[in-house]
Amino acid sequence: MQVAEIELYEILKEKVGEKEAKTLVEYIEAKIEKKLAEKQDILATKIDLANMKAEIIKWMFIFWVGQIGALIAILQIFFK
């Protein structure tokens with residue numbers, strides 16, 4: 001148990017009894033773990049962010065090359 005769980009256990013033990021307090025704390029802990037597992041798929045990790053950054057840089061480079069190519073083509077047409 002973590003510090004917060006121990007404190008909750010101690011408070012509940014005085015109010016509802018030792019067995020019920022332990023059961024309630026374990027139930028709350030299980031619910032938190034379940035919610036965390038559900039949310040973990042949604043959370044972005046550092047690897048996800050690094051991959052996203054690499055993708056953005058790649059597409060920016062492709063865009064810049066396309067813009068330079070279009071500018072060169074327009075200038076060639078203009079100066080002929």
# chains A, B, ... in the order shown; residues from 1 in each chain; ligands from 1

$ residues_around --residues "Ala21 of chain A" --least-positions-apart "3" --cutoff "6 Å" --atoms "only C-alpha atoms" --output "list in words"
Tyr9, Leu12, Lys13, Gly17, Glu18 and Leu24 of chain A

$ write_last_selection --atoms "N, CA and C atoms" --output "PDB file, in the first residue's frame"
ATOM      1  N   TYR A   9      -6.958   3.830   4.775  1.00  0.00           N
ATOM      2  CA  TYR A   9      -7.245   2.624   5.543  1.00  0.00           C
ATOM      3  C   TYR A   9      -7.395   2.947   7.027  1.00  0.00           C
ATOM      4  N   LEU A  12     -10.700   4.785   7.600  1.00  0.00           N
ATOM      5  CA  LEU A  12     -11.858   3.896   7.464  1.00  0.00           C
ATOM      6  C   LEU A  12     -11.906   2.838   8.560  1.00  0.00           C
ATOM      7  N   LYS A  13     -10.733   2.408   9.018  1.00  0.00           N
ATOM      8  CA  LYS A  13     -10.677   1.375  10.061  1.00  0.00           C
ATOM      9  C   LYS A  13     -11.381   1.847  11.325  1.00  0.00           C
ATOM     10  N   GLY A  17     -14.511  -0.446  10.611  1.00  0.00           N
ATOM     11  CA  GLY A  17     -13.898  -1.699  11.045  1.00  0.00           C
ATOM     12  C   GLY A  17     -12.748  -2.096  10.136  1.00  0.00           C
ATOM     13  N   GLU A  18     -11.900  -2.985  10.664  1.00  0.00           N
ATOM     14  CA  GLU A  18     -10.662  -3.336   9.965  1.00  0.00           C
ATOM     15  C   GLU A  18     -10.915  -4.094   8.664  1.00  0.00           C
ATOM     16  N   LEU A  24     -12.590  -2.184   1.287  1.00  0.00           N
ATOM     17  CA  LEU A  24     -12.897  -0.954   0.567  1.00  0.00           C
ATOM     18  C   LEU A  24     -11.654  -0.359  -0.087  1.00  0.00           C
TER      19      LEU A  24
END

$ residues_around --residues "Glu26 of chain A" --least-positions-apart "4" --cutoff "12 Å" --atoms "only C-alpha atoms" --output "PDB file with N, CA and C atoms, in the first residue's frame"
ATOM      1  N   MET A   1       0.825  -1.191   0.000  1.00  0.00           N
ATOM      2  CA  MET A   1       0.000   0.000   0.000  1.00  0.00           C
ATOM      3  C   MET A   1       0.868   1.252   0.000  1.00  0.00           C
ATOM      4  N   GLN A   2       0.344   2.272  -0.660  1.00  0.00           N
ATOM      5  CA  GLN A   2       1.032   3.553  -0.671  1.00  0.00           C
ATOM      6  C   GLN A   2       0.567   4.378   0.520  1.00  0.00           C
ATOM      7  N   GLU A   5      -3.093   5.356   0.545  1.00  0.00           N
ATOM      8  CA  GLU A   5      -3.939   4.194   0.827  1.00  0.00           C
ATOM      9  C   GLU A   5      -3.888   3.824   2.307  1.00  0.00           C
ATOM     10  N   ILE A   6      -2.716   3.930   2.902  1.00  0.00           N
ATOM     11  CA  ILE A   6      -2.573   3.622   4.325  1.00  0.00           C
ATOM     12  C   ILE A   6      -3.365   4.620   5.155  1.00  0.00           C
ATOM     13  N   LEU A   8      -5.976   6.351   4.161  1.00  0.00           N
ATOM     14  CA  LEU A   8      -7.390   6.056   3.945  1.00  0.00           C
ATOM     15  C   LEU A   8      -7.805   4.837   4.755  1.00  0.00           C
ATOM     16  N   TYR A   9      -6.958   3.830   4.775  1.00  0.00           N
ATOM     17  CA  TYR A   9      -7.245   2.624   5.543  1.00  0.00           C
ATOM     18  C   TYR A   9      -7.395   2.947   7.027  1.00  0.00           C
ATOM     19  N   LYS A  19     -11.738  -5.113   8.716  1.00  0.00           N
ATOM     20  CA  LYS A  19     -11.987  -5.954   7.541  1.00  0.00           C
ATOM     21  C   LYS A  19     -12.663  -5.150   6.427  1.00  0.00           C
ATOM     22  N   GLU A  20     -13.675  -4.381   6.780  1.00  0.00           N
ATOM     23  CA  GLU A  20     -14.396  -3.586   5.787  1.00  0.00           C
ATOM     24  C   GLU A  20     -13.502  -2.503   5.196  1.00  0.00           C
ATOM     25  N   ALA A  21     -12.657  -1.899   6.022  1.00  0.00           N
ATOM     26  CA  ALA A  21     -11.737  -0.866   5.550  1.00  0.00           C
ATOM     27  C   ALA A  21     -10.750  -1.454   4.540  1.00  0.00           C
ATOM     28  N   LYS A  22     -10.214  -2.618   4.857  1.00  0.00           N
ATOM     29  CA  LYS A  22      -9.267  -3.273   3.954  1.00  0.00           C
ATOM     30  C   LYS A  22      -9.943  -3.618   2.635  1.00  0.00           C
ATOM     31  N   ALA A  30      -8.279  -1.364  -6.978  1.00  0.00           N
ATOM     32  CA  ALA A  30      -8.572  -2.127  -8.194  1.00  0.00           C
ATOM     33  C   ALA A  30      -9.254  -1.244  -9.238  1.00  0.00           C
ATOM     34  N   LYS A  31     -10.172  -0.394  -8.801  1.00  0.00           N
ATOM     35  CA  LYS A  31     -10.858   0.508  -9.733  1.00  0.00           C
ATOM     36  C   LYS A  31      -9.870   1.491 -10.364  1.00  0.00           C
ATOM     37  N   ILE A  32      -8.961   2.006  -9.567  1.00  0.00           N
ATOM     38  CA  ILE A  32      -7.956   2.947 -10.081  1.00  0.00           C
ATOM     39  C   ILE A  32      -7.056   2.260 -11.099  1.00  0.00           C
ATOM     40  N   GLU A  33      -6.623   1.047 -10.799  1.00  0.00           N
ATOM     41  CA  GLU A  33      -5.776   0.300 -11.726  1.00  0.00           C
ATOM     42  C   GLU A  33      -6.509   0.025 -13.033  1.00  0.00           C
TER      43      GLU A  33
END

$ atom_distance --atom1 "atom CA of Ala73 of chain A" --atom2 "atom CA of Lys58 of chain A"
22.8 Å

$ decode --residues "segment 1-32 of chain A" --atoms "N, CA and C atoms" --output "mmCIF file, in the first residue's frame"
data_model
loop_
_atom_site.group_PDB
_atom_site.id
_atom_site.type_symbol
_atom_site.label_atom_id
_atom_site.label_comp_id
_atom_site.auth_asym_id
_atom_site.auth_seq_id
_atom_site.Cartn_x
_atom_site.Cartn_y
_atom_site.Cartn_z
ATOM 1 N N MET A 1 0.825 -1.191 0.000
ATOM 2 C CA MET A 1 0.000 0.000 0.000
ATOM 3 C C MET A 1 0.868 1.252 0.000
ATOM 4 N N GLN A 2 0.344 2.272 -0.660
ATOM 5 C CA GLN A 2 1.032 3.553 -0.671
ATOM 6 C C GLN A 2 0.567 4.378 0.520
ATOM 7 N N VAL A 3 1.215 5.510 0.707
ATOM 8 C CA VAL A 3 0.946 6.363 1.863
ATOM 9 C C VAL A 3 -0.517 6.799 1.893
ATOM 10 N N ALA A 4 -1.060 7.231 0.764
ATOM 11 C CA ALA A 4 -2.454 7.685 0.714
ATOM 12 C C ALA A 4 -3.409 6.544 1.042
ATOM 13 N N GLU A 5 -3.093 5.356 0.545
ATOM 14 C CA GLU A 5 -3.939 4.194 0.827
ATOM 15 C C GLU A 5 -3.888 3.824 2.307
ATOM 16 N N ILE A 6 -2.716 3.930 2.902
ATOM 17 C CA ILE A 6 -2.573 3.622 4.325
ATOM 18 C C ILE A 6 -3.365 4.620 5.155
ATOM 19 N N GLU A 7 -3.274 5.903 4.776
ATOM 20 C CA GLU A 7 -4.039 6.919 5.510
ATOM 21 C C GLU A 7 -5.536 6.680 5.371
ATOM 22 N N LEU A 8 -5.976 6.351 4.161
ATOM 23 C CA LEU A 8 -7.390 6.056 3.945
ATOM 24 C C LEU A 8 -7.805 4.837 4.755
ATOM 25 N N TYR A 9 -6.958 3.830 4.775
ATOM 26 C CA TYR A 9 -7.245 2.624 5.543
ATOM 27 C C TYR A 9 -7.395 2.947 7.027
ATOM 28 N N GLU A 10 -6.491 3.756 7.533
ATOM 29 C CA GLU A 10 -6.539 4.110 8.959
ATOM 30 C C GLU A 10 -7.822 4.875 9.301
ATOM 31 N N ILE A 11 -8.211 5.790 8.433
ATOM 32 C CA ILE A 11 -9.434 6.563 8.677
ATOM 33 C C ILE A 11 -10.658 5.647 8.630
ATOM 34 N N LEU A 12 -10.700 4.785 7.600
ATOM 35 C CA LEU A 12 -11.858 3.896 7.464
ATOM 36 C C LEU A 12 -11.906 2.838 8.560
ATOM 37 N N LYS A 13 -10.733 2.408 9.018
ATOM 38 C CA LYS A 13 -10.677 1.375 10.061
ATOM 39 C C LYS A 13 -11.381 1.847 11.325
ATOM 40 N N GLU A 14 -11.218 3.113 11.647
ATOM 41 C CA GLU A 14 -11.875 3.665 12.833
ATOM 42 C C GLU A 14 -13.388 3.753 12.645
ATOM 43 N N LYS A 15 -13.826 4.026 11.412
ATOM 44 C CA LYS A 15 -15.252 4.247 11.148
ATOM 45 C C LYS A 15 -16.031 2.958 10.915
ATOM 46 N N VAL A 16 -15.490 2.057 10.064
ATOM 47 C CA VAL A 16 -16.281 0.889 9.650
ATOM 48 C C VAL A 16 -15.696 -0.446 10.097
ATOM 49 N N GLY A 17 -14.511 -0.446 10.611
ATOM 50 C CA GLY A 17 -13.898 -1.699 11.045
ATOM 51 C C GLY A 17 -12.748 -2.096 10.136
ATOM 52 N N GLU A 18 -11.900 -2.985 10.664
ATOM 53 C CA GLU A 18 -10.662 -3.336 9.965
ATOM 54 C C GLU A 18 -10.915 -4.094 8.664
ATOM 55 N N LYS A 19 -11.738 -5.113 8.716
ATOM 56 C CA LYS A 19 -11.987 -5.954 7.541
ATOM 57 C C LYS A 19 -12.663 -5.150 6.427
ATOM 58 N N GLU A 20 -13.675 -4.381 6.780
ATOM 59 C CA GLU A 20 -14.396 -3.586 5.787
ATOM 60 C C GLU A 20 -13.502 -2.503 5.196
ATOM 61 N N ALA A 21 -12.657 -1.899 6.022
ATOM 62 C CA ALA A 21 -11.737 -0.866 5.550
ATOM 63 C C ALA A 21 -10.750 -1.454 4.540
ATOM 64 N N LYS A 22 -10.214 -2.618 4.857
ATOM 65 C CA LYS A 22 -9.267 -3.273 3.954
ATOM 66 C C LYS A 22 -9.943 -3.618 2.635
ATOM 67 N N THR A 23 -11.146 -4.142 2.703
ATOM 68 C CA THR A 23 -11.893 -4.497 1.504
ATOM 69 C C THR A 23 -12.180 -3.261 0.651
ATOM 70 N N LEU A 24 -12.590 -2.184 1.287
ATOM 71 C CA LEU A 24 -12.897 -0.954 0.567
ATOM 72 C C LEU A 24 -11.654 -0.359 -0.087
ATOM 73 N N VAL A 25 -10.541 -0.335 0.615
ATOM 74 C CA VAL A 25 -9.296 0.190 0.051
ATOM 75 C C VAL A 25 -8.852 -0.668 -1.129
ATOM 76 N N GLU A 26 -8.946 -1.980 -1.020
ATOM 77 C CA GLU A 26 -8.584 -2.863 -2.130
ATOM 78 C C GLU A 26 -9.497 -2.646 -3.330
ATOM 79 N N TYR A 27 -10.781 -2.418 -3.080
ATOM 80 C CA TYR A 27 -11.736 -2.156 -4.153
ATOM 81 C C TYR A 27 -11.373 -0.860 -4.884
ATOM 82 N N ILE A 28 -11.076 0.181 -4.117
ATOM 83 C CA ILE A 28 -10.707 1.468 -4.710
ATOM 84 C C ILE A 28 -9.420 1.328 -5.517
ATOM 85 N N GLU A 29 -8.460 0.613 -4.975
ATOM 86 C CA GLU A 29 -7.192 0.396 -5.677
ATOM 87 C C GLU A 29 -7.424 -0.345 -6.993
ATOM 88 N N ALA A 30 -8.279 -1.364 -6.978
ATOM 89 C CA ALA A 30 -8.572 -2.127 -8.194
ATOM 90 C C ALA A 30 -9.254 -1.244 -9.238
ATOM 91 N N LYS A 31 -10.172 -0.394 -8.801
ATOM 92 C CA LYS A 31 -10.858 0.508 -9.733
ATOM 93 C C LYS A 31 -9.870 1.491 -10.364
ATOM 94 N N ILE A 32 -8.961 2.006 -9.567
ATOM 95 C CA ILE A 32 -7.956 2.947 -10.081
ATOM 96 C C ILE A 32 -7.056 2.260 -11.099
#
